[in-house]
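Okay, so here's the structure we're looking at.
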Amino acid sequence: MTRLGQNFLRDPNLARVAVDRAQLRPDDVALEVGPGRGILTAPLAEAVATVQAIEIDRGLEGDLAPVLAAHPNVRLTWGDAMQVPLADLDPAPTAFVANLPYNVATPLILTSIADLPGVDRWCVMVQREIADRLFAAPSTPAYGAVSVLMQLACERTDLHPVGRAVFDPPPRVDSALVAFRRRADWPRDTWEPLARLVHAGFRHRRKTLANNLAMAGLAERDAAERILEDLGHDRRIRAEAIAPTGWPVLLDAITVA
C-alpha cells in the first residue's frame with residue numbers, strides 16, 4: 001500500500017468489469033475517487049459524458065497527464081476527497097465508480113449517499129471485509145451501523161470477489177467489487193437524525209440498545225426500554241438484533257415520545 005493508502009489497479013479487464021457492473025449511461029457524470037494511474041479513468045471516460053475525478057497525490061500528475069489529454073471529458077480535482085465539498089461538483093455526479101483507498105472507503109460511501117442525492121448507482125472496489133459489512137444480515141458479527149444505513153438507502157446489485165494480484169502493490173487483504181443502487185424510498189428527509197440514532201445504538205456493542213441511547217442523550221433508559229417493548233422488542237435487546245427497517249420505526253417512536 002502507498003503512503004496514502006492506495007493499491008493501484010493494474011488490470012484493464014477488471015476496470016472494464018467495474019464500468020459494466022456500474023450500469024452506466026452515456027449521459028452519466030461518474031465520480032471517481034483516487035484515479036491513481038488512470039486505468040479505470042479511461043474506460044469510464046469512454047462510457048459517460050463526464051468523469052469527476054478527485055486525486056490527493058500530486059505525485060501522480062505525470063501518470064494522469066496522458067489520460068487527461070486523451071479524454072477531455074475528465075475533470076480532475078486535486079485534493080482529499082474527505083475534504084472536497086462533493087455537493088459543489090459541477091456537473092453533479094450521477095454514478096460513483098472507483099477503486100477506493102481502503103482507509104476511507106466506508107466514510108466516503110456514506111458521505112456520497114448523504115451529500116450526492118443525484119448519485120443512484122455505485123460500483124466500488126473495497127476490502128472484502130468492508131463489502132461484506134455493507135450488506136450484512138442482522139445478528140451476525142459483520143452487522144453494524146454501516147450495514148443498517150446502507151440497506152436503508154441502497155440495494156446490492158452485484159458482488160465480484162477480486163484477487164490480490166490485480167493491484168500494485170498487492171494488498172495484504174482480499175478485495176471485492178461491490179455494486180449497489182439507491183432505493184427509491186430511501187429516507188432522505190430523516191437521514192441525519194436516523195444516522196445519529198443508528199450510530200448511537202451500535203456505539204457499545206455489548207451494551208443494550210436502551211443503555212446506548214441513554215448514554216448518547218437520545219432517551220432516558222427507562223423511556224427507551226418502554227418504547228422498545230411497545231414496538232414488540234425485549235427491553236434488553238441489543239442493536240444488532242434489529243433489522244434495518246426497524247430503525248426508522250424506532251426513530252419515529254423516540255421523536256413522538
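In the C-alpha cells, the first chain shown is A, the next is B, and so on; residue numbers restart at 1 for each chain, and ligands run from 1 in the order shown.
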
### Message
Can you pull out the residues contacting range 16-32 of chain A? Cut-off 10 Å, using only C-alpha atoms, and skip same-chain residues under 2 positions away; I want them as a PyMOL selection string.
### Response
chain A and resi 11-14+34-36+39-55+73-76+81+86+89-100+112+118-119+121-125+157-160+177-181

### DSSP-assigned strand (DSSP E or B) members of range 13-257 of chain A, reported as a PyMOL selection string
chain A and resi 29-33+50-55+74-78+95-99+121-127+154-162+167-168+175-182

### Query
From the list A:Arg238, A:Trp186, A:Glu229, A:Glu192, which residue is nearest Asn212 in chain A when using only C-alpha atoms?
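Of A:Arg238, A:Trp186, A:Glu229, A:Glu192, the one nearest Asn212 in chain A is A:Arg238, counting only C-alpha atoms.
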
### Exercise: Ala210 in chain A partners within 9 Å, only C-alpha atoms, chain neighbours under 4 positions left out, as a list in words
Gly201, Ala214, Met215, Ala219, Glu220, Arg221, Asp222, Ala223, Ala224, Glu225, Leu228, Arg235, Arg236, Ile237, Arg238 and Ala239 of chain A

### Task
Choose the residue, out of A:Arg58, A:Arg188, A:His233, A:Arg205, that has the smallest atom-to-atom separation from Ala153 in chain A; count only C-alpha atoms.
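Of all the options, A:Arg188 lies closest to Ala153 in chain A.
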
### Message
Show me, as a VMD selection string, the residues that have an atom within 9 Å of range 131-145 of chain A when counting only C-alpha atoms, minus same-chain residues fewer than 3 positions from it.
### Response
chain A and resid 106 125 to 128 148 to 151 155 to 156 159 175 to 178 195 198 to 203 205 239 to 244

### Task
If you run DSSP over the backbone, which residues in range 130-254 of chain A end up alpha helix (DSSP H)? Put them as a PyMOL selection string.
chain A and resi 130-134+145-153+191-201+209-215+221-230+246-254

### Query
Suppose you want the space between CA of Arg196 in chain A and CA of Glu129 in chain A; what is it in Å?
23.5 Å

### Task
Rounded to one decimal place, report the CA of Gly217 in chain A-CA of Leu250 in chain A distance in Å.
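Here the two named atoms are 15.1 Å from each other.
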
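The spacing separating CA of Arg10 in chain A from CA of Phe167 in chain A amounts to 5.6 Å.
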